[in-house]
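Note: the block below is final32.cif and it holds mmCIF, C-alpha atoms; chains and numbers go by the auth columns.
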```
data_upload
loop_
_atom_site.group_PDB
_atom_site.id
_atom_site.type_symbol
_atom_site.label_atom_id
_atom_site.label_comp_id
_atom_site.label_asym_id
_atom_site.label_seq_id
_atom_site.Cartn_x
_atom_site.Cartn_y
_atom_site.Cartn_z
_atom_site.B_iso_or_equiv
_atom_site.auth_seq_id
_atom_site.auth_asym_id
ATOM 1 C CA MET A 1 -67.511 104.689 42.606 0.00 186 A
ATOM 2 C CA ASP A 2 -69.425 106.252 39.709 0.00 187 A
ATOM 3 C CA ARG A 3 -71.365 104.341 37.032 0.00 188 A
ATOM 4 C CA ALA A 4 -68.578 104.432 34.449 0.00 189 A
ATOM 5 C CA ALA A 5 -66.047 103.004 36.912 0.00 190 A
ATOM 6 C CA LYS A 6 -68.511 100.286 37.940 0.00 191 A
ATOM 7 C CA ARG A 7 -69.175 99.385 34.283 0.00 192 A
ATOM 8 C CA GLU A 8 -65.424 99.234 33.622 0.00 193 A
ATOM 9 C CA LEU A 9 -64.886 96.982 36.665 0.00 194 A
ATOM 10 C CA ILE A 10 -67.743 94.688 35.595 0.00 195 A
ATOM 11 C CA ASP A 11 -66.348 94.435 32.055 0.00 196 A
ATOM 12 C CA ARG A 12 -62.824 93.738 33.319 0.00 197 A
ATOM 13 C CA LEU A 13 -64.061 91.062 35.751 0.00 198 A
ATOM 14 C CA HIS A 14 -66.228 89.513 33.028 0.00 199 A
ATOM 15 C CA GLY A 15 -63.142 89.156 30.815 0.00 200 A
ATOM 16 C CA VAL A 16 -61.141 87.656 33.676 0.00 201 A
ATOM 17 C CA PHE A 17 -63.855 85.131 34.551 0.00 202 A
ATOM 18 C CA ASP A 18 -64.232 84.118 30.899 0.00 203 A
ATOM 19 C CA ASP A 19 -60.503 83.363 30.710 0.00 204 A
ATOM 20 C CA THR A 20 -59.927 81.728 34.097 0.00 205 A
ATOM 21 C CA GLY A 21 -59.389 78.047 34.872 0.00 206 A
ATOM 22 C CA VAL A 22 -60.696 78.083 38.438 0.00 207 A
ATOM 23 C CA VAL A 23 -62.469 80.519 40.755 0.00 208 A
ATOM 24 C CA VAL A 24 -62.538 79.992 44.518 0.00 209 A
ATOM 25 C CA VAL A 25 -65.086 81.905 46.602 0.00 210 A
ATOM 26 C CA ALA A 26 -64.339 82.334 50.296 0.00 211 A
ATOM 27 C CA HIS A 27 -65.717 84.300 53.223 0.00 212 A
ATOM 28 C CA ASN A 28 -63.356 86.853 54.609 0.00 213 A
ATOM 29 C CA THR A 29 -64.574 86.879 58.211 0.00 214 A
ATOM 30 C CA GLY A 30 -62.533 89.520 59.980 0.00 215 A
ATOM 31 C CA MET A 31 -59.153 89.256 58.275 0.00 216 A
ATOM 32 C CA VAL A 32 -57.021 92.296 58.980 0.00 217 A
ATOM 33 C CA ALA A 33 -55.188 94.109 56.184 0.00 218 A
ATOM 34 C CA ALA A 34 -51.916 92.261 56.840 0.00 219 A
ATOM 35 C CA GLN A 35 -53.626 88.873 56.592 0.00 220 A
ATOM 36 C CA SER A 36 -55.426 89.917 53.417 0.00 221 A
ATOM 37 C CA ALA A 37 -52.131 91.105 51.912 0.00 222 A
ATOM 38 C CA GLU A 38 -50.469 87.821 52.887 0.00 223 A
ATOM 39 C CA PHE A 39 -53.316 85.855 51.245 0.00 224 A
ATOM 40 C CA ARG A 40 -52.900 87.920 48.076 0.00 225 A
ATOM 41 C CA ARG A 41 -49.153 87.221 48.094 0.00 226 A
ATOM 42 C CA VAL A 42 -49.656 83.463 48.591 0.00 227 A
ATOM 43 C CA VAL A 43 -52.126 83.255 45.693 0.00 228 A
ATOM 44 C CA LYS A 44 -49.956 85.468 43.477 0.00 229 A
ATOM 45 C CA ASP A 45 -46.907 83.277 44.173 0.00 230 A
ATOM 46 C CA ALA A 46 -48.974 80.275 43.066 0.00 231 A
ATOM 47 C CA GLY A 47 -49.818 82.018 39.794 0.00 232 A
ATOM 48 C CA GLY A 48 -53.254 83.389 40.611 0.00 233 A
ATOM 49 C CA SER A 49 -54.973 86.599 41.616 0.00 234 A
ATOM 50 C CA VAL A 50 -57.277 87.767 44.395 0.00 235 A
ATOM 51 C CA LYS A 51 -60.152 90.199 44.020 0.00 236 A
ATOM 52 C CA VAL A 52 -62.470 91.746 46.566 0.00 237 A
ATOM 53 C CA ALA A 53 -65.468 93.489 44.998 0.00 238 A
ATOM 54 C CA LYS A 54 -69.054 94.180 45.843 0.00 239 A
ATOM 55 C CA ASN A 55 -71.135 91.046 45.501 0.00 240 A
ATOM 56 C CA LYS A 56 -73.659 92.688 43.178 0.00 241 A
ATOM 57 C CA LEU A 57 -70.869 93.785 40.814 0.00 242 A
ATOM 58 C CA VAL A 58 -69.398 90.264 40.792 0.00 243 A
ATOM 59 C CA GLN A 59 -72.841 88.793 40.101 0.00 244 A
ATOM 60 C CA LEU A 60 -73.210 91.141 37.135 0.00 245 A
ATOM 61 C CA ALA A 61 -69.699 90.267 35.936 0.00 246 A
ATOM 62 C CA ILE A 62 -70.225 86.490 36.012 0.00 247 A
ATOM 63 C CA LYS A 63 -73.540 86.686 34.184 0.00 248 A
ATOM 64 C CA ASP A 64 -73.246 84.959 30.777 0.00 249 A
ATOM 65 C CA THR A 65 -69.989 83.207 31.703 0.00 250 A
ATOM 66 C CA ALA A 66 -69.301 79.518 32.363 0.00 251 A
ATOM 67 C CA ILE A 67 -69.247 80.183 36.123 0.00 252 A
ATOM 68 C CA ALA A 68 -72.624 81.967 36.274 0.00 253 A
ATOM 69 C CA ASP A 69 -74.122 79.345 38.603 0.00 254 A
ATOM 70 C CA ILE A 70 -71.899 80.349 41.540 0.00 255 A
ATOM 71 C CA SER A 71 -73.664 83.709 41.894 0.00 256 A
ATOM 72 C CA ASP A 72 -75.567 82.433 44.938 0.00 257 A
ATOM 73 C CA LEU A 73 -72.232 82.188 46.815 0.00 258 A
ATOM 74 C CA MET A 74 -71.875 85.972 46.623 0.00 259 A
ATOM 75 C CA LYS A 75 -73.343 86.773 50.029 0.00 260 A
ATOM 76 C CA GLY A 76 -71.559 88.406 52.909 0.00 261 A
ATOM 77 C CA PRO A 77 -67.887 89.403 52.933 0.00 262 A
ATOM 78 C CA THR A 78 -66.561 87.398 49.983 0.00 263 A
ATOM 79 C CA ILE A 79 -63.103 87.228 48.503 0.00 264 A
ATOM 80 C CA LEU A 80 -62.330 85.630 45.134 0.00 265 A
ATOM 81 C CA ALA A 81 -59.162 83.765 44.213 0.00 266 A
ATOM 82 C CA PHE A 82 -58.720 82.764 40.582 0.00 267 A
ATOM 83 C CA SER A 83 -56.067 81.491 38.198 0.00 268 A
ATOM 84 C CA LYS A 84 -55.674 80.197 34.657 0.00 269 A
ATOM 85 C CA ASP A 85 -54.072 77.028 36.020 0.00 270 A
ATOM 86 C CA PRO A 86 -57.052 74.916 37.139 0.00 271 A
ATOM 87 C CA ILE A 87 -55.370 73.963 40.414 0.00 272 A
ATOM 88 C CA ALA A 88 -53.148 76.865 41.516 0.00 273 A
ATOM 89 C CA ALA A 89 -55.737 79.171 43.114 0.00 274 A
ATOM 90 C CA ALA A 90 -57.539 76.285 44.830 0.00 275 A
ATOM 91 C CA LYS A 91 -54.295 74.885 46.218 0.00 276 A
ATOM 92 C CA ALA A 92 -53.161 78.292 47.533 0.00 277 A
ATOM 93 C CA ALA A 93 -56.567 79.193 49.024 0.00 278 A
ATOM 94 C CA VAL A 94 -56.984 75.848 50.801 0.00 279 A
ATOM 95 C CA ALA A 95 -53.419 75.960 52.146 0.00 280 A
ATOM 96 C CA TYR A 96 -53.950 79.483 53.482 0.00 281 A
ATOM 97 C CA ALA A 97 -57.357 78.595 54.964 0.00 282 A
ATOM 98 C CA LYS A 98 -55.767 75.725 56.927 0.00 283 A
ATOM 99 C CA GLY A 99 -53.564 78.201 58.782 0.00 284 A
ATOM 100 C CA ASN A 100 -56.118 80.983 59.120 0.00 285 A
ATOM 101 C CA GLU A 101 -59.614 80.223 60.414 0.00 286 A
ATOM 102 C CA LYS A 102 -60.843 83.661 59.293 0.00 287 A
ATOM 103 C CA LEU A 103 -60.786 82.535 55.652 0.00 288 A
ATOM 104 C CA VAL A 104 -63.615 80.063 55.036 0.00 289 A
ATOM 105 C CA ILE A 105 -63.832 78.362 51.638 0.00 290 A
ATOM 106 C CA LEU A 106 -67.433 78.420 50.354 0.00 291 A
ATOM 107 C CA GLY A 107 -66.990 76.847 46.945 0.00 292 A
ATOM 108 C CA GLY A 108 -66.092 77.823 43.430 0.00 293 A
ATOM 109 C CA ALA A 109 -66.040 76.751 39.825 0.00 294 A
ATOM 110 C CA MET A 110 -63.655 75.044 37.456 0.00 295 A
ATOM 111 C CA GLY A 111 -64.754 75.653 33.905 0.00 296 A
ATOM 112 C CA LYS A 112 -68.484 74.937 33.815 0.00 297 A
ATOM 113 C CA THR A 113 -68.307 72.679 36.860 0.00 298 A
ATOM 114 C CA ARG A 114 -69.562 74.118 40.127 0.00 299 A
ATOM 115 C CA LEU A 115 -67.581 73.069 43.189 0.00 300 A
ATOM 116 C CA ASP A 116 -68.630 73.042 46.810 0.00 301 A
ATOM 117 C CA ALA A 117 -66.094 73.490 49.637 0.00 302 A
ATOM 118 C CA LYS A 118 -65.216 69.772 49.575 0.00 303 A
ATOM 119 C CA GLY A 119 -64.752 69.929 45.803 0.00 304 A
ATOM 120 C CA VAL A 120 -62.326 72.839 46.119 0.00 305 A
ATOM 121 C CA LYS A 121 -60.372 70.941 48.791 0.00 306 A
ATOM 122 C CA ALA A 122 -60.278 67.814 46.605 0.00 307 A
ATOM 123 C CA LEU A 123 -59.079 69.918 43.672 0.00 308 A
ATOM 124 C CA ALA A 124 -56.330 71.368 45.857 0.00 309 A
ATOM 125 C CA GLU A 125 -55.045 67.872 46.637 0.00 310 A
ATOM 126 C CA LEU A 126 -54.407 67.119 42.964 0.00 311 A
ATOM 127 C CA PRO A 127 -50.861 67.551 41.673 0.00 312 A
ATOM 128 C CA SER A 128 -50.102 70.819 39.924 0.00 313 A
ATOM 129 C CA LEU A 129 -49.610 71.114 36.186 0.00 314 A
ATOM 130 C CA ASP A 130 -45.815 71.217 36.598 0.00 315 A
ATOM 131 C CA GLU A 131 -45.862 68.088 38.781 0.00 316 A
ATOM 132 C CA LEU A 132 -47.977 66.265 36.188 0.00 317 A
ATOM 133 C CA ARG A 133 -45.566 67.299 33.433 0.00 318 A
ATOM 134 C CA ALA A 134 -42.613 66.021 35.462 0.00 319 A
ATOM 135 C CA LYS A 135 -44.341 62.675 36.042 0.00 320 A
ATOM 136 C CA LEU A 136 -45.184 62.386 32.355 0.00 321 A
ATOM 137 C CA ILE A 137 -41.583 63.086 31.338 0.00 322 A
ATOM 138 C CA GLY A 138 -40.403 60.512 33.863 0.00 323 A
ATOM 139 C CA LEU A 139 -42.784 57.926 32.430 0.00 324 A
ATOM 140 C CA LEU A 140 -41.643 58.685 28.901 0.00 325 A
ATOM 141 C CA ASN A 141 -37.950 58.465 29.866 0.00 326 A
ATOM 142 C CA ALA A 142 -38.308 55.205 31.828 0.00 327 A
ATOM 143 C CA PRO A 143 -38.710 52.887 28.802 0.00 328 A
ATOM 144 C CA ALA A 144 -35.737 54.486 27.040 0.00 329 A
ATOM 145 C CA THR A 145 -33.601 53.956 30.140 0.00 330 A
ATOM 146 C CA LYS A 146 -34.689 50.323 30.388 0.00 331 A
ATOM 147 C CA ILE A 147 -33.907 49.721 26.702 0.00 332 A
ATOM 148 C CA ALA A 148 -30.446 51.240 27.069 0.00 333 A
ATOM 149 C CA ARG A 149 -29.766 49.131 30.175 0.00 334 A
ATOM 150 C CA THR A 150 -30.964 45.945 28.412 0.00 335 A
ATOM 151 C CA ILE A 151 -28.782 46.589 25.368 0.00 336 A
ATOM 152 C CA LYS A 152 -25.750 47.397 27.518 0.00 337 A
ATOM 153 C CA GLU A 153 -26.128 44.468 29.944 0.00 338 A
ATOM 154 C CA PRO A 154 -24.932 41.519 27.711 0.00 339 A
ATOM 155 C CA GLY A 155 -21.707 43.379 26.914 0.00 340 A
ATOM 156 C CA GLY A 156 -21.174 44.064 30.615 0.00 341 A
ATOM 157 C CA GLN A 157 -21.759 40.400 31.467 0.00 342 A
ATOM 158 C CA LEU A 158 -19.263 39.311 28.799 0.00 343 A
ATOM 159 C CA ALA A 159 -16.672 41.749 30.169 0.00 344 A
ATOM 160 C CA ARG A 160 -17.156 40.382 33.712 0.00 345 A
ATOM 161 C CA VAL A 161 -16.759 36.763 32.481 0.00 346 A
ATOM 162 C CA ILE A 162 -13.532 37.650 30.628 0.00 347 A
ATOM 163 C CA GLN A 163 -12.221 39.500 33.682 0.00 348 A
ATOM 164 C CA ALA A 164 -13.029 36.515 35.925 0.00 349 A
ATOM 165 C CA LYS A 165 -11.245 34.102 33.537 0.00 350 A
ATOM 166 C CA ALA A 166 -8.242 36.432 33.416 0.00 351 A
ATOM 167 C CA ALA A 167 -8.184 36.562 37.212 0.00 352 A
ATOM 168 C CA GLN A 168 -8.295 32.730 37.352 0.00 353 A
ATOM 169 C CA GLY A 169 -5.426 32.533 34.864 0.00 354 A
ATOM 170 C CA ASP A 170 -3.311 34.910 36.986 0.00 355 A
ATOM 171 C CA ALA A 171 -4.033 32.918 40.121 0.00 356 A
ATOM 172 C CA ALA A 172 -2.938 29.631 38.518 0.00 357 A
#
```

Using structure tokens, write down the structure from this file.
Amino acid sequence: MDRAAKRELIDRLHGVFDDTGVVVVAHNTGMVAAQSAEFRRVVKDAGGSVKVAKNKLVQLAIKDTAIADISDLMKGPTILAFSKDPIAAAKAAVAYAKGNEKLVILGGAMGKTRLDAKGVKALAELPSLDELRAKLIGLLNAPATKIARTIKEPGGQLARVIQAKAAQGDAA
């Protein structure tokens, strides 16, 4: 790779890291191409991306970004998973690492917050943005449903009383 290509890669990665919600750094200890492709697919399906680059180039790319303090994780065979959604890449990486011991989560960053391996795993256990939206909509709809049921209930009770009286009148 010549200097111009390296500079272009560094600039592109710098832009990605400036605009990302979470970055997960993992060791790729002997994953074959098929496993690496499967990991990329899993993260992409979750809404993220995977990048393998030379550690020195990644360290140059994260300089002057919010995640600059994770540069010490860039040692050995590293693989980066990142996404704009602050949970998607972490959730996908942790789920894949559970089934494949060759992918070892080292840590990462969410915004300006540095995460260790336990922090990434805790982040992965949080509900996704879509799940949180669904819960919020459910909470907002619940009071309206209760109000409608409360307003409707006295009329329903009156109808049942009238029906019971009518049934008593027919029986007599």

Next item on the list: Measuring atom to atom with only C-alpha atoms, identify which of A:Ala344, A:Met216, A:Ile252, A:Ala273 is nearest to A:Glu286.
Entry: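 The closest residue to A:Glu286 is A:Met216.
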
Checklist line | Test item: residues at most 8 Å from A:Ile195, only C-alpha atoms, excluding those fewer than 5 positions along its chain, as a ChimeraX atom specification | finding: /A:242-243,245-246

For the PyMOL selection byres ((chain A and resi 233) around 9), applied here, can you spell out every residue it catches as a tab-separated table (two decimals) with C-alpha atoms, keeping the file's coordinate frame?
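The result, written out as out14.tsv:
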```tsv
chain	number	residue	atom	x	y	z
A	225	ARG	CA	-52.90	87.92	48.08
A	227	VAL	CA	-49.66	83.46	48.59
A	228	VAL	CA	-52.13	83.26	45.69
A	229	LYS	CA	-49.96	85.47	43.48
A	230	ASP	CA	-46.91	83.28	44.17
A	231	ALA	CA	-48.97	80.28	43.07
A	232	GLY	CA	-49.82	82.02	39.79
A	234	SER	CA	-54.97	86.60	41.62
A	235	VAL	CA	-57.28	87.77	44.40
A	266	ALA	CA	-59.16	83.76	44.21
A	267	PHE	CA	-58.72	82.76	40.58
A	268	SER	CA	-56.07	81.49	38.20
A	269	LYS	CA	-55.67	80.20	34.66
A	270	ASP	CA	-54.07	77.03	36.02
A	273	ALA	CA	-53.15	76.86	41.52
A	274	ALA	CA	-55.74	79.17	43.11
A	277	ALA	CA	-53.16	78.29	47.53
```

Using the chain letters and numbers from the file, which residues does the PyMOL selection byres ((chain A and resi 287) around 9) grab, as a PDB file with C-alpha atoms, keeping the file's coordinate frame?
```pdb
ATOM      1  CA  HIS A 212     -65.717  84.300  53.223  1.00  0.00           C
ATOM      2  CA  ASN A 213     -63.356  86.853  54.609  1.00  0.00           C
ATOM      3  CA  THR A 214     -64.574  86.879  58.211  1.00  0.00           C
ATOM      4  CA  GLY A 215     -62.533  89.520  59.980  1.00  0.00           C
ATOM      5  CA  MET A 216     -59.153  89.256  58.275  1.00  0.00           C
ATOM      6  CA  ALA A 282     -57.357  78.595  54.964  1.00  0.00           C
ATOM      7  CA  ASN A 285     -56.118  80.983  59.120  1.00  0.00           C
ATOM      8  CA  GLU A 286     -59.614  80.223  60.414  1.00  0.00           C
ATOM      9  CA  LEU A 288     -60.786  82.535  55.652  1.00  0.00           C
ATOM     10  CA  VAL A 289     -63.615  80.063  55.036  1.00  0.00           C
TER      11      VAL A 289
END
```

Next item on the list: Choose the residue, out of A:Ala275, A:Ala211, A:Met295, A:Leu343, that has the smallest atom-to-atom separation from A:Met259; count all atoms listed in the file.
Entry: A:Ala211

Item checked: Atomic distance atom CA of A:Val209 - atom CA of A:Leu291, expressed in Å with one decimal ->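 Distance reported for this atom pair: 7.8 Å.
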
Next item on the list: For each of A:Leu324, A:Val279, A:Val210, A:Ala218, take the minimum atom-to-atom distance to A:Ile264, counting only C-alpha atoms, then give the residue where this is smallest.
Entry: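 Using only C-alpha atoms, A:Ile264 sits closest to A:Val210.
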